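Here's data-v6.csv, which has CSV, C-alpha atoms:
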chain,number,residue,atom,x,y,z
F,1,MET,CA,126.1,-78.4,70.9
F,2,ASN,CA,125.0,-80.2,67.7
F,3,CYS,CA,126.0,-78.4,64.6
F,4,SER,CA,125.3,-81.0,61.8
F,5,ALA,CA,124.2,-80.1,58.3
F,6,GLU,CA,121.5,-82.7,58.3
F,7,LYS,CA,119.5,-81.1,61.1
F,8,ALA,CA,120.1,-77.7,59.7
F,9,SER,CA,118.3,-78.7,56.5
F,10,ARG,CA,115.2,-79.2,58.5
F,11,LYS,CA,115.0,-75.5,59.3
F,12,TRP,CA,114.8,-74.4,55.7
F,13,PRO,CA,112.5,-76.8,53.8
F,14,ASP,CA,112.1,-74.4,50.9
F,15,GLY,CA,114.3,-76.0,48.3
F,16,ALA,CA,117.9,-76.5,47.3
F,17,PHE,CA,118.7,-72.9,47.2
F,18,ARG,CA,117.8,-72.3,50.8
F,19,ARG,CA,119.6,-75.5,51.7
F,20,GLY,CA,122.8,-74.3,50.3
F,21,GLY,CA,122.6,-71.1,52.3
F,22,ALA,CA,121.8,-73.1,55.4
F,23,ALA,CA,124.9,-75.2,54.8
F,24,MET,CA,127.0,-72.1,54.7
F,25,VAL,CA,125.5,-70.8,57.9
F,26,THR,CA,126.1,-74.1,59.6
F,27,ALA,CA,129.7,-74.2,58.5
F,28,ALA,CA,130.2,-70.7,59.9
F,29,ALA,CA,128.7,-71.7,63.2
F,30,ALA,CA,131.0,-74.7,63.4
F,31,LEU,CA,134.0,-72.6,62.8
F,32,LEU,CA,132.9,-70.2,65.5
F,33,CYS,CA,132.5,-73.1,67.9
F,34,LEU,CA,136.0,-74.3,67.2
F,35,GLY,CA,137.4,-70.8,67.8
F,36,MET,CA,135.6,-70.5,71.2
F,37,GLN,CA,137.0,-73.9,72.3
F,38,ALA,CA,140.6,-72.9,71.6
F,39,GLY,CA,142.4,-71.5,74.5
F,40,PRO,CA,144.1,-68.2,74.9
F,41,ALA,CA,147.4,-69.8,74.4
F,42,GLU,CA,146.6,-71.0,70.9
F,43,ALA,CA,145.2,-67.6,70.0
F,44,ALA,CA,148.5,-66.0,71.1
F,45,ARG,CA,150.4,-68.4,68.8
F,46,GLY,CA,148.9,-66.9,65.8
F,47,ALA,CA,145.9,-69.0,64.8
F,48,PRO,CA,144.7,-68.6,61.2
F,49,SER,CA,142.3,-65.7,60.8
F,50,PHE,CA,139.3,-65.6,58.7
F,51,PRO,CA,137.6,-62.6,56.9
F,52,TRP,CA,134.6,-62.8,59.2
F,53,ASP,CA,136.6,-62.7,62.5
F,54,ASP,CA,136.0,-59.0,62.9
F,55,LEU,CA,132.2,-59.5,62.5
F,56,PHE,CA,132.0,-61.5,65.8
F,57,GLY,CA,134.7,-59.6,67.6
F,58,THR,CA,137.0,-62.6,68.0
F,59,ARG,CA,140.1,-61.3,66.1
F,60,PRO,CA,142.8,-60.4,68.6
F,61,HIS,CA,144.2,-56.9,68.6
F,62,ARG,CA,147.5,-56.4,66.9
F,63,SER,CA,149.8,-53.4,67.1
F,64,HIS,CA,150.6,-51.6,63.9
F,65,LYS,CA,154.3,-51.9,64.4
F,66,SER,CA,156.0,-54.6,66.3
F,67,ALA,CA,158.5,-53.3,68.9
F,68,ARG,CA,162.0,-54.3,68.3
F,69,ARG,CA,164.5,-54.7,71.1
F,70,SER,CA,167.8,-52.9,70.4
F,71,ALA,CA,170.9,-53.3,72.4
F,72,VAL,CA,171.6,-50.2,74.6
F,73,PRO,CA,175.3,-49.6,75.1
F,74,LEU,CA,176.4,-49.3,78.7
F,75,PRO,CA,178.6,-46.4,79.9
F,76,ARG,CA,182.3,-47.1,80.3
F,77,PRO,CA,183.5,-47.5,83.9
F,78,ARG,CA,184.9,-44.3,85.5
F,79,PRO,CA,188.7,-44.4,85.8
F,80,ALA,CA,190.2,-44.4,89.3
F,81,GLU,CA,192.3,-41.3,88.7
F,82,ALA,CA,189.4,-39.1,87.6
F,83,PRO,CA,188.3,-36.3,90.0
F,84,PRO,CA,185.1,-36.7,91.9
F,85,ALA,CA,181.9,-35.7,90.0
F,86,VAL,CA,180.2,-32.5,91.0
F,87,THR,CA,176.5,-33.2,91.7
F,88,GLU,CA,175.5,-29.6,92.7
F,89,ALA,CA,175.5,-28.3,89.1
F,90,PRO,CA,174.1,-30.9,86.8
F,91,ALA,CA,173.4,-28.3,84.1
F,92,ALA,CA,177.2,-27.9,83.5
F,93,ALA,CA,177.3,-31.1,81.5
F,94,HIS,CA,175.1,-29.5,78.8
F,95,ALA,CA,177.1,-26.3,78.6
F,96,PRO,CA,179.0,-25.6,75.4
F,97,ALA,CA,182.7,-26.1,75.2
F,98,GLY,CA,184.7,-23.1,76.3
F,99,ALA,CA,181.9,-21.6,78.5
F,100,GLU,CA,182.7,-20.7,82.1
F,101,PRO,CA,181.1,-23.0,84.7
F,102,ALA,CA,178.0,-21.6,86.4
F,103,PRO,CA,178.5,-20.4,89.9
F,104,PRO,CA,176.9,-22.4,92.7
F,105,ALA,CA,173.3,-21.8,93.5
F,106,ALA,CA,174.2,-20.2,96.9
F,107,ALA,CA,176.3,-17.6,95.2
F,108,THR,CA,173.7,-16.6,92.6
F,109,GLN,CA,170.9,-15.9,95.2
F,110,PRO,CA,170.8,-12.3,96.3
F,111,PRO,CA,171.0,-11.6,100.0
F,112,ALA,CA,167.8,-11.6,101.9
F,113,ALA,CA,166.0,-8.2,101.8
F,114,PRO,CA,164.6,-6.6,105.0
F,115,ALA,CA,161.0,-6.9,105.9
F,116,GLU,CA,160.2,-3.4,104.7
F,117,ALA,CA,161.6,-3.9,101.2
F,118,ALA,CA,159.8,-7.3,100.8
F,119,ARG,CA,156.6,-5.4,99.8
F,120,PRO,CA,157.2,-4.2,96.2
F,121,SER,CA,153.5,-3.5,95.7
F,122,GLU,CA,153.5,-0.7,98.3
F,123,THR,CA,156.8,1.0,97.4
F,124,ALA,CA,156.7,0.6,93.6
F,125,LYS,CA,155.5,3.6,91.7
F,126,PRO,CA,152.9,3.2,88.9
F,127,ALA,CA,154.1,3.5,85.4
F,128,GLU,CA,153.6,7.0,84.0
F,129,PRO,CA,151.4,7.2,80.9
F,130,PRO,CA,153.1,8.3,77.7
F,131,LYS,CA,153.1,12.0,77.1
F,132,PRO,CA,151.0,13.2,74.1
F,133,GLN,CA,152.9,14.6,71.2
F,134,LEU,CA,153.0,18.4,71.1
F,135,SER,CA,151.3,20.2,68.2
F,136,ALA,CA,153.2,22.5,65.8
F,137,CYS,CA,151.6,25.5,67.4
F,138,ARG,CA,152.6,24.3,70.9
F,139,GLN,CA,156.1,23.8,69.8
F,140,ALA,CA,156.3,27.3,68.3
F,141,LEU,CA,154.7,29.1,71.2
F,142,THR,CA,157.8,29.1,73.5
F,143,GLU,CA,158.5,31.0,76.6
F,144,GLU,CA,160.3,33.6,74.5
F,145,ILE,CA,157.0,34.6,73.0
F,146,ALA,CA,154.4,34.0,75.7
F,147,ILE,CA,154.0,32.5,79.2
F,148,ALA,CA,151.3,30.0,78.2
F,149,PRO,CA,151.4,26.6,80.0
F,150,SER,CA,149.3,23.8,78.5
F,151,ILE,CA,146.2,22.6,80.2
F,152,PRO,CA,144.2,19.4,79.8
F,153,ASP,CA,141.6,19.2,77.0
F,154,ILE,CA,138.0,20.4,77.9
F,155,HIS,CA,135.0,18.4,76.7
F,156,GLY,CA,131.9,20.0,78.1
F,157,ALA,CA,128.2,19.8,77.3
F,158,GLY,CA,127.0,20.9,73.8
F,159,ALA,CA,130.5,20.7,72.1
F,160,CYS,CA,131.9,23.2,74.6
F,161,GLY,CA,135.7,23.2,75.1
F,162,GLY,CA,138.4,22.1,72.8
F,163,GLU,CA,141.9,20.5,72.5
F,164,ASP,CA,145.4,21.9,72.5
F,165,LEU,CA,144.4,24.5,75.1
F,166,VAL,CA,146.8,26.9,77.0
F,167,ARG,CA,146.4,29.5,79.8
F,168,LEU,CA,147.8,32.7,78.4
F,169,GLU,CA,149.3,34.5,81.4
F,170,ALA,CA,151.7,37.0,79.8
F,171,ILE,CA,153.1,38.1,76.5
F,172,VAL,CA,156.9,38.5,76.2
F,173,LEU,CA,158.0,41.4,74.1
F,174,PRO,CA,161.1,41.3,71.9
F,175,ASP,CA,162.9,43.4,74.6
F,176,LYS,CA,162.1,40.7,77.2
F,177,ARG,CA,159.5,42.8,78.9
F,178,LYS,CA,156.3,41.0,79.9
F,179,VAL,CA,152.7,42.2,79.2
F,180,ALA,CA,150.4,40.6,81.8
F,181,VAL,CA,147.0,39.3,80.7
F,182,LYS,CA,144.6,40.2,83.5
F,183,PRO,CA,143.0,37.8,84.2
F,184,ALA,CA,144.8,34.9,82.5
F,185,ALA,CA,142.9,33.8,79.4
F,186,ILE,CA,142.1,30.2,78.5
F,187,LEU,CA,142.4,29.9,74.7
F,188,ARG,CA,143.3,27.5,72.0
F,189,CYS,CA,146.9,27.5,71.1
F,190,ARG,CA,146.3,29.0,67.7
F,191,MET,CA,144.2,31.9,69.2
F,192,ALA,CA,146.8,32.6,71.9
F,193,ALA,CA,149.5,32.7,69.3
F,194,ALA,CA,147.5,35.2,67.2
F,195,VAL,CA,146.9,37.5,70.3
F,196,ALA,CA,150.6,37.3,71.3
F,197,ASP,CA,151.7,38.2,67.7
F,198,TRP,CA,149.2,41.1,67.6
F,199,VAL,CA,150.5,42.6,70.9
F,200,ARG,CA,154.2,42.1,70.0
F,201,THR,CA,154.0,43.5,66.5
F,202,ASP,CA,151.2,46.2,66.5
F,203,ILE,CA,150.3,47.3,70.0
F,204,ALA,CA,153.7,47.4,71.6
F,205,PRO,CA,155.2,49.9,69.1
F,206,LEU,CA,152.0,52.0,69.2
F,207,ALA,CA,152.0,52.2,73.0
F,208,GLN,CA,155.6,53.1,73.1
F,209,THR,CA,154.7,56.5,71.7
F,210,LEU,CA,152.0,57.1,74.3
F,211,GLY,CA,153.6,56.6,77.7
F,212,GLY,CA,156.5,54.2,78.0
F,213,GLY,CA,155.0,51.1,76.4
F,214,ILE,CA,152.3,48.7,77.2
F,215,SER,CA,152.3,46.9,80.5
F,216,ASN,CA,149.0,44.8,80.7
F,217,LEU,CA,146.1,43.7,78.6
F,218,ASP,CA,142.6,43.9,80.0
F,219,ASN,CA,140.8,40.6,79.4
F,220,PHE,CA,137.1,41.1,79.6
F,221,ASP,CA,136.2,37.5,78.7
F,222,SER,CA,137.8,34.4,77.2
F,223,PHE,CA,136.6,30.8,77.6
F,224,GLU,CA,133.0,30.4,78.7
F,225,CYS,CA,130.6,27.7,77.8
F,226,ARG,CA,127.6,29.7,76.6
F,227,GLY,CA,125.6,30.7,73.5
F,228,ARG,CA,126.1,33.9,71.5
F,229,ASN,CA,125.5,37.0,73.5
F,230,ARG,CA,124.6,34.8,76.5
F,231,VAL,CA,121.2,34.1,74.9
F,232,VAL,CA,119.7,30.8,76.1
F,233,GLY,CA,119.3,28.4,73.2
F,234,ALA,CA,121.4,30.5,70.8
F,235,GLN,CA,124.2,29.0,68.6
F,236,LEU,CA,127.4,28.2,70.5
F,237,SER,CA,129.6,31.2,70.8
F,238,GLU,CA,133.3,31.1,69.9
F,239,HIS,CA,133.9,31.7,73.6
F,240,GLY,CA,132.5,28.3,74.2
F,241,ARG,CA,135.1,26.8,71.9
F,242,ALA,CA,138.0,28.8,73.6
F,243,ASN,CA,138.5,30.6,70.3
F,244,ALA,CA,137.7,34.2,71.3
F,245,LEU,CA,138.9,37.0,73.4
F,246,ASP,CA,137.2,40.2,74.5
F,247,VAL,CA,139.6,43.1,75.0
F,248,ARG,CA,138.4,46.2,76.9
F,249,ALA,CA,141.6,48.3,77.3
F,250,PHE,CA,145.4,48.1,77.7
F,251,GLY,CA,147.5,49.7,80.4
F,252,LEU,CA,150.6,51.7,79.9
F,253,ALA,CA,153.8,51.8,81.9
F,254,ASN,CA,153.0,55.2,83.2
F,255,GLY,CA,149.8,54.0,84.9
F,256,LYS,CA,147.3,55.2,82.3
F,257,SER,CA,144.7,53.0,80.7
F,258,ILE,CA,143.7,53.3,77.0
F,259,SER,CA,140.1,52.1,76.5
F,260,LEU,CA,139.4,51.1,72.9
F,261,THR,CA,135.7,52.2,73.0
F,262,ASP,CA,136.2,55.5,74.8
F,263,ARG,CA,135.4,58.5,72.6
F,264,SER,CA,137.8,60.7,74.5
F,265,VAL,CA,140.7,58.7,73.1
F,266,ALA,CA,142.1,60.1,70.0
F,267,ARG,CA,140.3,58.9,66.9
F,268,ASP,CA,143.5,58.2,65.0
F,269,LEU,CA,144.7,55.8,67.7
F,270,ARG,CA,141.4,53.9,67.7
F,271,GLU,CA,141.4,53.7,63.9
F,272,THR,CA,145.0,52.3,64.0
F,273,VAL,CA,143.9,49.6,66.4
F,274,LEU,CA,140.8,48.9,64.2
F,275,HIS,CA,142.9,48.3,61.1
F,276,SER,CA,145.4,46.0,62.9
F,277,VAL,CA,142.8,43.7,64.4
F,278,CYS,CA,140.7,43.4,61.3
F,279,ALA,CA,143.8,42.3,59.4
F,280,ARG,CA,144.6,39.5,61.9
F,281,PHE,CA,141.3,38.1,63.2
F,282,SER,CA,138.3,36.7,61.2
F,283,THR,CA,135.7,38.4,63.5
F,284,VAL,CA,135.9,41.9,65.0
F,285,LEU,CA,132.8,43.2,66.8
F,286,GLY,CA,132.7,46.6,68.6
F,287,PRO,CA,130.5,49.7,69.0
F,288,GLY,CA,128.0,49.8,66.3
F,289,SER,CA,127.7,46.1,65.7
F,290,ASP,CA,125.1,45.5,68.4
F,291,TRP,CA,124.5,46.8,71.9
F,292,TYR,CA,126.3,43.8,73.4
F,293,HIS,CA,129.7,45.1,72.3
F,294,GLU,CA,129.5,48.8,73.2
F,295,ASP,CA,132.1,48.6,75.9
F,296,HIS,CA,134.6,46.1,74.5
F,297,ILE,CA,136.1,44.6,71.3
F,298,HIS,CA,135.4,41.0,70.4
F,299,LEU,CA,138.1,39.1,68.6
F,300,ASP,CA,138.0,35.5,67.4
F,301,LEU,CA,139.3,33.1,64.7
F,302,ALA,CA,136.1,31.5,63.5
F,303,GLU,CA,136.4,29.6,60.2
F,304,ARG,CA,133.8,30.4,57.5
F,305,ARG,CA,133.3,29.5,53.9
F,306,SER,CA,135.6,31.2,51.4
F,307,ASN,CA,137.6,32.7,54.3
F,308,TYR,CA,134.7,35.2,55.0
F,309,ARG,CA,135.6,37.9,57.6
F,310,ILE,CA,133.4,40.2,59.7
F,311,CYS,CA,134.7,43.6,60.9
F,312,GLN,CA,132.0,45.7,62.5
F,313,TRP,CA,133.5,48.5,64.7
F,314,ASN,CA,132.4,52.1,64.3
F,315,VAL,CA,135.0,54.6,65.5
F,316,TYR,CA,132.9,57.5,66.7
F,317,ASP,CA,134.0,61.1,66.9
F,318,PRO,CA,134.9,62.5,70.3
F,319,LEU,CA,132.2,64.2,72.2
F,320,PRO,CA,132.4,68.0,72.7
F,321,HIS,CA,133.6,69.1,76.1
F,322,VAL,CA,130.5,71.4,76.7
F,323,ALA,CA,127.3,70.6,75.0
F,324,PRO,CA,125.7,73.8,73.4
F,325,LEU,CA,122.4,74.7,75.1
F,326,LEU,CA,121.4,77.7,72.9
F,327,PRO,CA,122.1,78.4,69.3
F,328,ALA,CA,125.2,80.7,68.8
F,329,GLU,CA,124.6,84.4,68.0
F,330,ARG,CA,124.9,85.5,64.5
F,331,PRO,CA,128.2,87.2,64.0
F,332,GLU,CA,128.2,90.8,62.8
F,333,ALA,CA,130.5,90.1,59.9
F,334,ALA,CA,128.0,87.7,58.4
F,335,PRO,CA,126.3,88.8,55.2
F,336,PRO,CA,122.7,89.9,55.4
F,337,ARG,CA,120.0,87.2,55.1
F,338,GLU,CA,118.2,86.9,51.8
F,339,VAL,CA,114.5,87.8,52.1
F,340,ALA,CA,112.0,87.1,49.4
F,341,ALA,CA,110.7,90.3,47.7
F,342,LYS,CA,107.0,91.2,48.0
F,343,SER,CA,104.8,91.4,44.8
F,344,ASP,CA,102.3,94.1,43.9
F,345,GLY,CA,99.4,91.8,44.4
F,346,GLY,CA,100.5,91.4,47.9
F,347,LYS,CA,100.3,95.2,48.5
F,348,LEU,CA,96.7,95.3,47.2
F,349,ASP,CA,95.7,92.5,49.5
F,350,ALA,CA,97.2,94.3,52.4
F,351,ALA,CA,95.3,97.5,51.5
F,352,LYS,CA,92.1,95.6,51.3
F,353,ALA,CA,92.7,94.1,54.7
F,354,ASP,CA,93.2,97.5,56.2
F,355,HIS,CA,90.0,98.8,54.6
F,356,GLY,CA,88.0,95.9,55.9
F,357,LYS,CA,89.3,96.5,59.4
F,358,ALA,CA,88.0,100.1,59.3
F,359,ASP,CA,84.6,99.1,58.1
F,360,ALA,CA,84.4,96.5,60.9
F,361,ALA,CA,85.2,99.2,63.5
F,362,GLU,CA,82.4,101.5,62.2
F,363,SER,CA,79.9,98.7,62.3
F,364,ASP,CA,80.8,98.0,65.9
F,365,ASP,CA,80.2,101.6,66.9
F,366,ALA,CA,76.8,101.6,65.3
F,367,ALA,CA,75.8,98.4,67.0
F,368,ALA,CA,76.8,99.9,70.3
F,369,SER,CA,74.6,102.9,69.9
F,370,ASP,CA,71.6,100.8,68.8
F,371,GLY,CA,72.1,98.6,71.8
F,372,ALA,CA,72.0,101.4,74.1
F,373,ALA,CA,68.6,102.4,72.6
F,374,GLU,CA,67.1,98.9,72.6
F,375,THR,CA,68.6,95.7,73.9
F,376,LYS,CA,67.6,92.7,71.9
F,377,PRO,CA,68.9,89.1,72.3
F,378,GLN,CA,71.4,88.2,69.5
F,379,PRO,CA,70.8,85.0,67.7
F,380,THR,CA,73.5,82.3,68.4
F,381,LYS,CA,74.8,79.7,65.9
F,382,LYS,CA,74.3,76.1,66.8
F,383,ARG,CA,77.4,74.0,66.7
F,384,ARG,CA,77.2,71.1,64.4
F,385,GLN,CA,77.7,67.9,66.2
F,386,SER,CA,80.2,65.5,64.6
F,387,ARG,CA,79.0,62.0,64.4
F,388,ARG,CA,81.6,59.3,65.0
F,389,PHE,CA,81.2,55.8,63.8

In structure tokens, what does this structure look like?
Amino acid sequence: MNCSAEKASRKWPDGAFRRGGAAMVTAAAALLCLGMQAGPAEAARGAPSFPWDDLFGTRPHRSHKSARRSAVPLPRPRPAEAPPAVTEAPAAAHAPAGAEPAPPAAATQPPAAPAEAARPSETAKPAEPPKPQLSACRQALTEEIAIAPSIPDIHGAGACGGEDLVRLEAIVLPDKRKVAVKPAAILRCRMAAAVADWVRTDIAPLAQTLGGGISNLDNFDSFECRGRNRVVGAQLSEHGRANALDVRAFGLANGKSISLTDRSVARDLRETVLHSVCARFSTVLGPGSDWYHEDHIHLDLAERRSNYRICQWNVYDPLPHVAPLLPAERPEAAPPREVAAKSDGGKLDAAKADHGKADAAESDDAAASDGAAETKPQPTKKRRQSRRF
């Protein structure tokens, strides 16, 4: 390969400026040729580098930090009187000073379990979910007040159901007697607590004066997913929210039943029950409210604005034993009835009427005699026809 500057000047015949550039390119090509002819041994010795070595990829790769060899001390020879080394537990050498040596691997392994116990997936019980925290009402409604076990929450269609529900089975009186709820009512805890307090505080002392105390409560209806008065499309009833109870009667220990809508029951008794329920519940519907509540009493704890309450229960008078068919006779001791006095003009009118009757009788006799002599047809009056439009 000929890399002379004289031949290179022939390629750029454009002047001295171009010739100087050509000389530089020729020098660079010569240096490149010298680098390619050098062997790998000379490159390893550390040949002089030029700034343009990286341009053609001829600069050898150098490590950032040169590795330095350091003398590694050898372990001292083991003395002859030393005990033999234990190779089974190599982790003992890393244990801290004063720690007890680890037992051998054979001692740490538990004994082999039988084939039946080798299946933990079949015998292991699933972990129980955490129990929900009880509400304040649930904690207060203990078995000393009512037998009301908790039931799961109900979430039905159209916002039916509710949370913190109980099944009210019986009410425990202060003297430990139980008043059964027939049938058991599904209510919210707050409603069940209100019913239990009403029976324990108001109804139990009242029934004690009638026949040995109260024994059961007649539950006509409690939870039912429906509209008001069972009308299709009506607003959701409080029964659908498990927040209402329909009471029809309560039984006594002597076997009698006291119906709250029966007219034969003493009026004072029914009025006492009326005042007690209207003071405790936000809604009371009975006879007189509508014809849906003529045979039972509706109680609920509906929340309204400004704590508005509804108490509609007409306590009717008892019906008579025998319905009167005819008016009663006037007693003899009754004062005489007052009669309006007749005026003088009335007497004259009566006299004229009597005189007119006498004249009419005479005219009839005369007409009868004339008729006997000659019979003539009497003219008849034509009736005027009424026109209807």

- [ ] For each of F:Pro77, F:Gly227, F:Pro174, F:Pro126, take the minimum atom-to-atom distance to Pro205 (chain F), counting all atoms listed in the file, then give the residue where this is smallest.
- [x] F:Pro174

- [ ] Using CA of Cys278 (chain F) and CA of Arg309 (chain F) as the two end points, give the distance in Å to one decimal.
- [x]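 Between CA of Cys278 (chain F) and CA of Arg309 (chain F) the gap works out to 8.4 Å.
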
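Of the listed residues (F:Asp246, F:Asp197, F:Glu338, F:Asp153), F:Asp246 comes nearest to Asp221 (chain F); the distances count all atoms listed in the file.
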
- [ ] Using only C-alpha atoms, pick whichever of F:Gly161, F:Glu271, F:Ile214, F:Ala185 has the shortest atom-to-atom distance to Ser237 (chain F).
- [x] F:Gly161

Open item on the list: Report as a ChimeraX atom specification all protein, DNA and RNA residues lying within 9 Å of Glu144 (chain F), evaluated on all atoms listed in the file, omitting residues in the same chain fewer than 4 positions from it.
Closed with: /F:171-174,176

Open item on the list: To one decimal place in Å, what is the distance between CA of Glu143 (chain F) and CA of Met191 (chain F)?
Closed with: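 For CA of Glu143 (chain F) relative to CA of Met191 (chain F), the distance reads 16.1 Å.
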
TODO: Could you tell me how far CA of His239 (chain F) lies from CA of Ser135 (chain F), in Å and to one decimal?
DONE: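 CA of Ser135 (chain F) lies 21.5 Å from CA of His239 (chain F).
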
Open item on the list: What's around Ala146 (chain F) at 10 Å? Count only C-alpha atoms, leave out sequence neighbours fewer than 5 positions away in its own chain, and write the answer as number ranges by chain.
Closed with: F: 141, 168-173, 178-180, 192-193, 195-197, 200

Open item on the list: Considering all atoms listed in the file, can you say which of F:Arg188, F:Ser215, F:Gln235, F:Ala333 comes closest to Gly255 (chain F)?
Closed with: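 The answer is F:Ser215, which sits nearest to Gly255 (chain F).
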
Open item on the list: For a quick check of understanding, using only C-alpha atoms, which of F:Tyr292, F:Ala207, F:Leu74, F:Ala127 has the smallest distance to Arg230 (chain F)?
Closed with: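 Between F:Tyr292, F:Ala207, F:Leu74, F:Ala127, the residue approaching Arg230 (chain F) most closely is F:Tyr292.
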
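Contact shell of Ser289 (chain F) at 10 Å (only C-alpha atoms; same-chain neighbours under 2 positions omitted): F:Val284, F:Leu285, F:Gly286, F:Pro287, F:Trp291, F:Tyr292, F:His293, F:Glu294, F:Cys311, F:Gln312, F:Trp313, F:Asn314.
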
Open item on the list: as JSON, numbers by chain, please: the residues near Gly212 (chain F) (cut-off 9 Å, all atoms listed in the file, same-chain neighbours under 3 positions excluded).
Closed with: {"F": [207, 208, 209, 215, 252, 253, 254]}

Write out as a short mmCIF file (atom, residue, chain, number, x, y, z; two decimals) with C-alpha atoms, in the frame of the given file each polymer residue whose atoms come within 12 Å of Asp268 (chain F), counting only C-alpha atoms; drop sequence neighbours fewer than 6 positions from it.
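In the end it all went to selection-v3.cif:
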data_model
loop_
_atom_site.label_atom_id
_atom_site.label_comp_id
_atom_site.auth_asym_id
_atom_site.auth_seq_id
_atom_site.Cartn_x
_atom_site.Cartn_y
_atom_site.Cartn_z
CA LEU F 206 152.00 52.00 69.20
CA LEU F 260 139.40 51.10 72.90
CA LEU F 274 140.80 48.90 64.20
CA HIS F 275 142.90 48.30 61.10
CA VAL F 315 135.00 54.60 65.50
CA TYR F 316 132.90 57.50 66.70
CA ASP F 317 134.00 61.10 66.90
CA PRO F 318 134.90 62.50 70.30
#

Task: Nearest-residue call for Arg177 (chain F), choices F:Gly213, F:Val231, F:Cys225, F:Asp290, using all atoms listed in the file - done: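 Once distances to Arg177 (chain F) are computed over all atoms listed in the file, the minimum belongs to F:Gly213.
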